[in-house]
$ cat data-v9.cif   # mmCIF, C-alpha atoms
data_run
#
loop_
_atom_site.group_PDB
_atom_site.id
_atom_site.type_symbol
_atom_site.label_atom_id
_atom_site.label_comp_id
_atom_site.auth_asym_id
_atom_site.auth_seq_id
_atom_site.Cartn_x
_atom_site.Cartn_y
_atom_site.Cartn_z
ATOM 1 C CA MET A 708 87.723 91.507 160.851
ATOM 2 C CA VAL A 709 87.140 90.631 157.172
ATOM 3 C CA LEU A 710 83.891 89.226 155.827
ATOM 4 C CA LYS A 711 83.796 85.432 155.794
ATOM 5 C CA GLY A 712 82.841 83.216 152.897
ATOM 6 C CA PHE A 713 82.877 83.808 149.166
ATOM 7 C CA TRP A 714 79.359 85.123 148.614
ATOM 8 C CA TRP A 715 80.286 88.749 149.132
ATOM 9 C CA LYS A 716 83.044 88.526 146.518
ATOM 10 C CA ILE A 717 80.562 87.239 143.960
ATOM 11 C CA LEU A 718 78.218 90.057 144.979
ATOM 12 C CA CYS A 719 81.064 92.545 144.560
ATOM 13 C CA MET A 720 81.851 91.354 141.030
ATOM 14 C CA ALA A 721 78.172 91.403 140.069
ATOM 15 C CA LEU A 722 77.589 94.915 141.416
ATOM 16 C CA LEU A 723 80.712 96.378 139.824
ATOM 17 C CA SER A 724 79.938 94.733 136.481
ATOM 18 C CA TYR A 725 76.482 96.252 136.651
ATOM 19 C CA THR A 726 77.917 99.625 137.697
ATOM 20 C CA ILE A 727 80.389 99.777 134.821
ATOM 21 C CA LEU A 728 77.895 98.665 132.162
ATOM 22 C CA ALA A 729 75.013 100.815 133.394
ATOM 23 C CA GLY A 730 77.374 103.650 134.253
ATOM 24 C CA PHE A 731 78.639 104.008 130.694
ATOM 25 C CA LEU A 732 75.604 102.817 128.751
ATOM 26 C CA GLY A 733 72.643 103.743 130.953
ATOM 27 C CA VAL A 734 70.412 106.773 130.617
ATOM 28 C CA VAL A 735 71.447 109.869 132.589
ATOM 29 C CA PRO A 736 69.721 113.270 132.921
ATOM 30 C CA ARG A 737 70.919 115.988 130.548
ATOM 31 C CA ARG A 738 72.111 118.737 132.852
ATOM 32 C CA PHE A 739 73.668 122.047 131.910
ATOM 33 C CA ILE A 740 77.494 122.009 132.225
ATOM 34 C CA LEU A 741 77.532 118.486 133.710
ATOM 35 C CA ASN A 742 76.333 116.761 130.534
ATOM 36 C CA GLU A 743 77.801 113.243 130.211
ATOM 37 C CA SER A 744 80.336 113.907 132.983
ATOM 38 C CA ILE A 745 77.542 113.207 135.476
ATOM 39 C CA ARG A 746 78.351 109.521 134.915
ATOM 40 C CA ASN A 747 81.404 110.074 137.101
ATOM 41 C CA LEU A 748 78.968 110.068 140.020
ATOM 42 C CA TYR A 749 79.048 106.254 139.828
ATOM 43 C CA PHE A 750 82.813 106.200 140.340
ATOM 44 C CA HIS A 751 84.026 109.348 142.128
ATOM 45 C CA VAL A 752 81.486 109.448 144.970
ATOM 46 C CA PRO A 753 81.313 105.666 145.684
ATOM 47 C CA MET A 754 85.107 105.565 145.961
ATOM 48 C CA TRP A 755 84.893 108.213 148.677
ATOM 49 C CA PHE A 756 82.210 106.170 150.424
ATOM 50 C CA GLY A 757 84.459 103.121 150.191
ATOM 51 C CA MET A 758 87.338 105.126 151.641
ATOM 52 C CA ILE A 759 85.227 106.305 154.583
ATOM 53 C CA PHE A 760 84.039 102.780 155.408
ATOM 54 C CA LEU A 761 87.561 101.381 155.148
ATOM 55 C CA LEU A 762 89.088 104.087 157.332
ATOM 56 C CA LEU A 763 86.241 103.710 159.835
ATOM 57 C CA ALA A 764 86.896 99.964 160.020
ATOM 58 C CA SER A 765 90.612 100.713 160.380
ATOM 59 C CA SER A 766 90.025 103.051 163.333
ATOM 60 C CA VAL A 767 87.711 100.497 164.990
ATOM 61 C CA ALA A 768 90.445 97.871 164.604
ATOM 62 C CA SER A 769 92.924 100.276 166.218
ATOM 63 C CA ILE A 770 90.556 100.711 169.168
ATOM 64 C CA LEU A 771 90.277 96.932 169.459
ATOM 65 C CA TYR A 772 94.057 96.625 169.379
ATOM 66 C CA LEU A 773 94.481 99.105 172.219
ATOM 67 C CA LYS A 774 91.826 97.205 174.162
ATOM 68 C CA LYS A 775 92.908 93.605 173.451
ATOM 69 C CA GLY A 776 96.473 93.879 172.138
ATOM 70 C CA LYS A 777 95.996 91.315 169.355
ATOM 71 C CA ASN A 778 98.247 91.569 166.322
ATOM 72 C CA ARG A 779 95.427 90.701 163.920
ATOM 73 C CA HIS A 780 93.695 93.950 164.831
ATOM 74 C CA ASP A 781 96.827 95.982 164.121
ATOM 75 C CA ARG A 782 97.342 94.145 160.845
ATOM 76 C CA PHE A 783 93.786 94.821 159.736
ATOM 77 C CA ALA A 784 94.010 98.481 160.806
ATOM 78 C CA SER A 785 97.143 99.128 158.754
ATOM 79 C CA GLN A 786 95.972 97.251 155.662
ATOM 80 C CA ALA A 787 92.469 98.769 155.707
ATOM 81 C CA ALA A 788 94.009 102.231 156.034
ATOM 82 C CA ASN A 789 96.340 101.409 153.160
ATOM 83 C CA THR A 790 93.463 100.417 150.903
ATOM 84 C CA GLY A 791 91.413 103.367 152.098
ATOM 85 C CA ILE A 792 94.143 105.776 151.038
ATOM 86 C CA VAL A 793 94.265 104.174 147.593
ATOM 87 C CA PHE A 794 90.515 104.743 147.288
ATOM 88 C CA GLY A 795 90.976 108.292 148.530
ATOM 89 C CA ILE A 796 93.622 109.021 145.896
ATOM 90 C CA LEU A 797 91.381 107.515 143.198
ATOM 91 C CA GLY A 798 88.582 109.712 144.511
ATOM 92 C CA LEU A 799 90.812 112.773 144.220
ATOM 93 C CA VAL A 800 91.912 111.880 140.687
ATOM 94 C CA THR A 801 88.381 111.177 139.419
ATOM 95 C CA GLY A 802 87.248 114.376 141.117
ATOM 96 C CA MET A 803 89.996 116.379 139.394
ATOM 97 C CA VAL A 804 88.998 114.978 135.991
ATOM 98 C CA TRP A 805 85.368 115.851 136.720
ATOM 99 C CA ALA A 806 86.363 119.344 137.875
ATOM 100 C CA LYS A 807 88.246 119.954 134.628
ATOM 101 C CA TYR A 808 85.090 119.475 132.566
ATOM 102 C CA THR A 809 82.674 121.250 134.912
ATOM 103 C CA TRP A 810 84.699 123.918 136.725
ATOM 104 C CA GLY A 811 87.325 124.576 134.047
ATOM 105 C CA SER A 812 90.448 123.343 135.871
ATOM 106 C CA TYR A 813 91.737 120.223 137.586
ATOM 107 C CA TRP A 814 92.314 122.056 140.866
ATOM 108 C CA SER A 815 90.405 125.220 141.731
ATOM 109 C CA GLY A 816 91.251 125.524 145.421
ATOM 110 C CA ASP A 817 87.728 124.452 146.375
ATOM 111 C CA PRO A 818 87.448 123.972 150.175
ATOM 112 C CA LYS A 819 86.462 120.318 149.810
ATOM 113 C CA GLN A 820 89.327 119.650 147.409
ATOM 114 C CA ASN A 821 91.776 121.239 149.825
ATOM 115 C CA ALA A 822 90.285 119.422 152.820
ATOM 116 C CA SER A 823 90.456 116.107 150.972
ATOM 117 C CA ALA A 824 94.120 116.655 150.143
ATOM 118 C CA ILE A 825 94.864 117.532 153.774
ATOM 119 C CA GLY A 826 93.049 114.388 154.898
ATOM 120 C CA MET A 827 95.180 112.256 152.559
ATOM 121 C CA LEU A 828 98.360 113.872 153.892
ATOM 122 C CA ILE A 829 97.282 113.104 157.463
ATOM 123 C CA TYR A 830 96.932 109.441 156.591
ATOM 124 C CA LEU A 831 100.148 109.344 154.599
ATOM 125 C CA ALA A 832 101.845 110.553 157.792
ATOM 126 C CA TYR A 833 100.330 107.488 159.494
ATOM 127 C CA PHE A 834 102.381 105.223 157.245
ATOM 128 C CA VAL A 835 105.487 107.354 157.690
ATOM 129 C CA LEU A 836 105.013 106.936 161.434
ATOM 130 C CA ARG A 837 104.663 103.161 161.134
ATOM 131 C CA GLY A 838 107.755 102.971 158.962
ATOM 132 C CA SER A 839 109.833 104.997 161.404
ATOM 133 C CA LEU A 840 109.280 102.631 164.343
ATOM 134 C CA GLU A 841 111.105 99.303 164.554
ATOM 135 C CA ASP A 842 109.702 97.740 167.718
ATOM 136 C CA PRO A 843 106.499 95.896 166.633
ATOM 137 C CA GLN A 844 104.525 96.546 169.809
ATOM 138 C CA LYS A 845 105.547 100.181 170.032
ATOM 139 C CA LYS A 846 104.714 100.627 166.344
ATOM 140 C CA ALA A 847 101.289 99.065 166.804
ATOM 141 C CA ARG A 848 100.384 101.084 169.914
ATOM 142 C CA ILE A 849 101.541 104.494 168.696
ATOM 143 C CA SER A 850 100.107 104.064 165.193
ATOM 144 C CA ALA A 851 96.787 102.864 166.662
ATOM 145 C CA VAL A 852 96.455 106.063 168.686
ATOM 146 C CA TYR A 853 97.399 108.184 165.660
ATOM 147 C CA ASN A 854 94.957 106.269 163.442
ATOM 148 C CA ILE A 855 92.040 106.976 165.772
ATOM 149 C CA PHE A 856 92.784 110.695 165.868
ATOM 150 C CA ALA A 857 93.379 110.753 162.089
ATOM 151 C CA PHE A 858 89.863 109.480 161.445
ATOM 152 C CA ALA A 859 88.466 111.919 164.005
ATOM 153 C CA MET A 860 90.117 114.762 162.067
ATOM 154 C CA LEU A 861 89.005 113.445 158.677
ATOM 155 C CA ILE A 862 85.265 113.715 159.427
ATOM 156 C CA PRO A 863 85.182 117.498 160.061
ATOM 157 C CA LEU A 864 87.590 118.064 157.170
ATOM 158 C CA LEU A 865 85.285 116.348 154.672
ATOM 159 C CA PHE A 866 81.792 116.864 156.051
ATOM 160 C CA ILE A 867 81.746 119.943 158.296
ATOM 161 C CA LEU A 868 84.309 122.578 157.306
ATOM 162 C CA PRO A 869 83.413 122.646 153.552
ATOM 163 C CA ARG A 870 79.796 123.387 154.508
ATOM 164 C CA LEU A 871 80.810 126.482 156.461
ATOM 165 C CA THR A 872 82.235 128.345 153.475
ATOM 166 C CA ASP A 873 81.625 128.833 149.749
ATOM 167 C CA SER A 874 82.171 125.669 147.765
ATOM 168 C CA LEU A 875 81.627 124.482 144.206
ATOM 169 C CA HIS A 876 80.763 120.989 145.419
ATOM 170 C CA PRO A 877 77.068 120.007 145.436
ATOM 171 C CA GLY A 878 75.654 119.994 148.947
ATOM 172 C CA ASN A 879 78.336 122.345 150.278
ATOM 173 C CA GLY A 880 78.561 126.104 150.725
ATOM 174 C CA GLY A 881 74.845 126.594 150.117
ATOM 175 C CA ASN A 882 74.813 124.579 146.870
ATOM 176 C CA PRO A 883 71.990 122.039 146.519
ATOM 177 C CA GLY A 884 73.070 118.402 146.715
ATOM 178 C CA PHE A 885 72.808 115.954 143.834
ATOM 179 C CA ASN A 886 69.859 114.279 145.515
ATOM 180 C CA SER A 887 67.694 117.379 145.157
ATOM 181 C CA TYR A 888 68.219 118.227 141.494
ATOM 182 C CA ASP A 889 70.244 115.631 139.574
ATOM 183 C CA LEU A 890 69.988 112.145 141.063
ATOM 184 C CA ASP A 891 66.851 110.867 139.332
ATOM 185 C CA SER A 892 65.348 107.391 139.755
ATOM 186 C CA ASN A 893 67.480 105.904 136.964
ATOM 187 C CA MET A 894 70.707 107.121 138.543
ATOM 188 C CA ARG A 895 69.724 105.879 141.994
ATOM 189 C CA LYS A 896 69.412 102.360 140.548
ATOM 190 C CA VAL A 897 73.096 102.502 139.666
ATOM 191 C CA PHE A 898 74.514 104.809 142.340
ATOM 192 C CA TYR A 899 73.546 102.777 145.422
ATOM 193 C CA PRO A 900 74.768 99.431 144.015
ATOM 194 C CA ALA A 901 77.968 101.247 143.010
ATOM 195 C CA VAL A 902 78.550 102.364 146.609
ATOM 196 C CA VAL A 903 78.129 98.795 147.869
ATOM 197 C CA GLY A 904 80.228 97.327 145.056
ATOM 198 C CA TRP A 905 83.209 99.681 145.438
ATOM 199 C CA THR A 906 83.108 99.287 149.224
ATOM 200 C CA LEU A 907 83.142 95.480 148.957
ATOM 201 C CA LEU A 908 86.048 95.744 146.518
ATOM 202 C CA GLY A 909 87.946 97.764 149.099
ATOM 203 C CA PHE A 910 87.460 95.100 151.754
ATOM 204 C CA TRP A 911 88.366 92.402 149.234
ATOM 205 C CA ILE A 912 91.653 94.152 148.469
ATOM 206 C CA THR A 913 92.234 94.541 152.206
ATOM 207 C CA ASP A 914 91.656 90.805 152.689
ATOM 208 C CA ILE A 915 94.248 90.032 150.015
ATOM 209 C CA ARG A 916 96.756 92.453 151.539
ATOM 210 C CA ILE A 917 96.294 90.855 154.959
ATOM 211 C CA ARG A 918 97.019 87.413 153.503
ATOM 212 C CA ILE A 919 100.134 88.752 151.785
ATOM 213 C CA SER A 920 101.361 90.401 154.997
ATOM 214 C CA LYS A 921 100.909 87.111 156.869
ATOM 215 C CA ILE A 922 102.995 85.286 154.260
ATOM 216 C CA GLU A 923 105.703 87.962 154.373
ATOM 217 C CA GLU A 924 105.738 87.793 158.171
ATOM 218 C CA ALA A 925 106.081 83.991 158.090
ATOM 219 C CA LEU A 926 108.956 84.225 155.595
ATOM 220 C CA ASP A 927 110.772 86.737 157.819
ATOM 221 C CA TYR A 928 110.714 84.279 160.699
ATOM 222 C CA GLU A 929 112.358 81.544 158.620
#
$ encode --input "data-v9.cif" --output "structure tokens"
Amino acid sequence: MVLKGFWWKILCMALLSYTILAGFLGVVPRRFILNESIRNLYFHVPMWFGMIFLLLASSVASILYLKKGKNRHDRFASQAANTGIVFGILGLVTGMVWAKYTWGSYWSGDPKQNASAIGMLIYLAYFVLRGSLEDPQKKARISAVYNIFAFAMLIPLLFILPRLTDSLHPGNGGNPGFNSYDLDSNMRKVFYPAVVGWTLLGFWITDIRIRISKIEEALDYE
């Protein structure tokens, strides 16, 4: 389930190094209110992209587990979801810092902020569910079903419901998206590599967590 080889890890390090250097030192458009805080676009938004890809991969692994019953699919599903939640929390925190300097407060009750928090709580319940079940097979089956529905609920929470009401977020509630008025050619050169880099980092962390879980499982059997 995890990328093979070492090339993608080198690519990840190169992209993130480029993102950090260009993100803090590169030229950005001077926009009213946003000012230098627009640089957070290279960190806040790509972390959300990374979260979505990780949670999507986790739900696919859960489907594969229900279909094939292999423990490696359940292991990947739980660890990818774990990493995805970390990225989601980082996305919330970076978003709150950005909101403080652009909207005036860390939390303004914006529909997308609220929906994001609800989505995180749904996935935190996934880990509570896993921790409450002792039988390995029962834990894997029930959590796989929950994981699939959790991702199905996350998509409308993040991408549909905020668009149906007033929102301070770009691209929601009638507001123009970044692509139409802020994301110039210089920012695109950093933003897209940032999305790939943060996503690869998420899968790298997941790979490490899977290896650790295998070691812990082997030690438990001794």
$ residues_around --input "data-v9.cif" --residues "Gly904 (chain A)" --least-positions-apart "6" --cutoff "7 Å" --atoms "all atoms listed in the file" --output "ChimeraX atom specification"
/A:719,722-723
$ resolve_selection --input "data-v9.cif" --expression "the PyMOL selection byres ((chain A and resi 832) around 12)" --output "VMD selection string"
chain A and resid 788 to 789 792 825 to 831 833 to 839 850 853 to 854 857
$ write_last_selection --input "data-v9.cif" --atoms "C-alpha atoms" --output "PDB file, in the frame of the given file"
ATOM      1  CA  ALA A 788      94.009 102.231 156.034  1.00  0.00           C
ATOM      2  CA  ASN A 789      96.340 101.409 153.160  1.00  0.00           C
ATOM      3  CA  ILE A 792      94.143 105.776 151.038  1.00  0.00           C
ATOM      4  CA  ILE A 825      94.864 117.532 153.774  1.00  0.00           C
ATOM      5  CA  GLY A 826      93.049 114.388 154.898  1.00  0.00           C
ATOM      6  CA  MET A 827      95.180 112.256 152.559  1.00  0.00           C
ATOM      7  CA  LEU A 828      98.360 113.872 153.892  1.00  0.00           C
ATOM      8  CA  ILE A 829      97.282 113.104 157.463  1.00  0.00           C
ATOM      9  CA  TYR A 830      96.932 109.441 156.591  1.00  0.00           C
ATOM     10  CA  LEU A 831     100.148 109.344 154.599  1.00  0.00           C
ATOM     11  CA  TYR A 833     100.330 107.488 159.494  1.00  0.00           C
ATOM     12  CA  PHE A 834     102.381 105.223 157.245  1.00  0.00           C
ATOM     13  CA  VAL A 835     105.487 107.354 157.690  1.00  0.00           C
ATOM     14  CA  LEU A 836     105.013 106.936 161.434  1.00  0.00           C
ATOM     15  CA  ARG A 837     104.663 103.161 161.134  1.00  0.00           C
ATOM     16  CA  GLY A 838     107.755 102.971 158.962  1.00  0.00           C
ATOM     17  CA  SER A 839     109.833 104.997 161.404  1.00  0.00           C
ATOM     18  CA  SER A 850     100.107 104.064 165.193  1.00  0.00           C
ATOM     19  CA  TYR A 853      97.399 108.184 165.660  1.00  0.00           C
ATOM     20  CA  ASN A 854      94.957 106.269 163.442  1.00  0.00           C
ATOM     21  CA  ALA A 857      93.379 110.753 162.089  1.00  0.00           C
TER      22      ALA A 857
END
$ residues_around --input "data-v9.cif" --residues "Gln786 (chain A)" --least-positions-apart "3" --cutoff "7 Å" --atoms "only C-alpha atoms" --output "list in words"
Arg782, Phe783, Asn789, Thr790, Thr913, Arg916 and Ile917 of chain A
$ closest_residue --input "data-v9.cif" --among "A:Pro736, A:Gly909, A:Pro900, A:Pro818" --to "Leu871 (chain A)" --atoms "only C-alpha atoms"
A:Pro818
$ resolve_selection --input "data-v9.cif" --expression "the PyMOL selection byres ((chain A and resi 730) around 9)" --output "list of chain:residue names"
A:Tyr725, A:Thr726, A:Ile727, A:Leu728, A:Ala729, A:Phe731, A:Leu732, A:Gly733, A:Val734, A:Val735, A:Arg746, A:Asn747, A:Leu748, A:Tyr749, A:Phe750, A:Met894, A:Val897, A:Phe898
$ write_last_selection --input "data-v9.cif" --atoms "C-alpha atoms" --output "JSON list (two decimals), keeping the file's coordinate frame"
[["chain", "number", "residue", "atom", "x", "y", "z"],
["A", 725, "TYR", "CA", 76.48, 96.25, 136.65],
["A", 726, "THR", "CA", 77.92, 99.62, 137.70],
["A", 727, "ILE", "CA", 80.39, 99.78, 134.82],
["A", 728, "LEU", "CA", 77.90, 98.66, 132.16],
["A", 729, "ALA", "CA", 75.01, 100.82, 133.39],
["A", 731, "PHE", "CA", 78.64, 104.01, 130.69],
["A", 732, "LEU", "CA", 75.60, 102.82, 128.75],
["A", 733, "GLY", "CA", 72.64, 103.74, 130.95],
["A", 734, "VAL", "CA", 70.41, 106.77, 130.62],
["A", 735, "VAL", "CA", 71.45, 109.87, 132.59],
["A", 746, "ARG", "CA", 78.35, 109.52, 134.92],
["A", 747, "ASN", "CA", 81.40, 110.07, 137.10],
["A", 748, "LEU", "CA", 78.97, 110.07, 140.02],
["A", 749, "TYR", "CA", 79.05, 106.25, 139.83],
["A", 750, "PHE", "CA", 82.81, 106.20, 140.34],
["A", 894, "MET", "CA", 70.71, 107.12, 138.54],
["A", 897, "VAL", "CA", 73.10, 102.50, 139.67],
["A", 898, "PHE", "CA", 74.51, 104.81, 142.34]]
$ residues_around --input "data-v9.cif" --residues "region 753-760 of chain A" --least-positions-apart "3" --cutoff "7 Å" --atoms "all atoms listed in the file" --output "mmCIF file with C-alpha atoms, in the frame of the given file"
data_model
loop_
_atom_site.group_PDB
_atom_site.id
_atom_site.type_symbol
_atom_site.label_atom_id
_atom_site.label_comp_id
_atom_site.auth_asym_id
_atom_site.auth_seq_id
_atom_site.Cartn_x
_atom_site.Cartn_y
_atom_site.Cartn_z
ATOM 1 C CA TYR A 749 79.048 106.254 139.828
ATOM 2 C CA PHE A 750 82.813 106.200 140.340
ATOM 3 C CA LEU A 763 86.241 103.710 159.835
ATOM 4 C CA ALA A 764 86.896 99.964 160.020
ATOM 5 C CA GLY A 791 91.413 103.367 152.098
ATOM 6 C CA ILE A 792 94.143 105.776 151.038
ATOM 7 C CA PHE A 794 90.515 104.743 147.288
ATOM 8 C CA GLY A 795 90.976 108.292 148.530
ATOM 9 C CA GLY A 798 88.582 109.712 144.511
ATOM 10 C CA ALA A 901 77.968 101.247 143.010
ATOM 11 C CA VAL A 902 78.550 102.364 146.609
ATOM 12 C CA TRP A 905 83.209 99.681 145.438
ATOM 13 C CA THR A 906 83.108 99.287 149.224
ATOM 14 C CA GLY A 909 87.946 97.764 149.099
#
$ closest_residue --input "data-v9.cif" --among "A:Gly802, A:Gly712, A:Gly811, A:Pro843" --to "Lys777 (chain A)" --atoms "all atoms listed in the file"
A:Pro843
$ closest_residue --input "data-v9.cif" --among "A:Gln820, A:Asp781, A:Pro863, A:Lys774" --to "Ile796 (chain A)" --atoms "all atoms listed in the file"
A:Gln820
$ atom_distance --input "data-v9.cif" --atom1 "CA of Ala822 (chain A)" --atom2 "CA of Thr872 (chain A)"
12.0 Å
$ atom_distance --input "data-v9.cif" --atom1 "CA of Leu908 (chain A)" --atom2 "CA of Val852 (chain A)"
26.6 Å
$ atom_distance --input "data-v9.cif" --atom1 "CA of Ile849 (chain A)" --atom2 "CA of Leu797 (chain A)"
27.6 Å
$ closest_residue --input "data-v9.cif" --among "A:Ile915, A:Val804, A:Leu773, A:Ala787" --to "Lys845 (chain A)" --atoms "all atoms listed in the file"
A:Leu773
$ closest_residue --input "data-v9.cif" --among "A:Val752, A:Ile745, A:Val767, A:Leu762" --to "Met860 (chain A)" --atoms "all atoms listed in the file"
A:Leu762
$ closest_residue --input "data-v9.cif" --among "A:Arg779, A:Trp805, A:Val793, A:Ala768" --to "Glu743 (chain A)" --atoms "all atoms listed in the file"
A:Trp805
$ residues_around --input "data-v9.cif" --residues "Ser815 (chain A)" --least-positions-apart "5" --cutoff "10 Å" --atoms "only C-alpha atoms" --output "list in words"
Met803, Ala806, Lys807, Trp810, Gln820, Asn821 and Leu875 of chain A
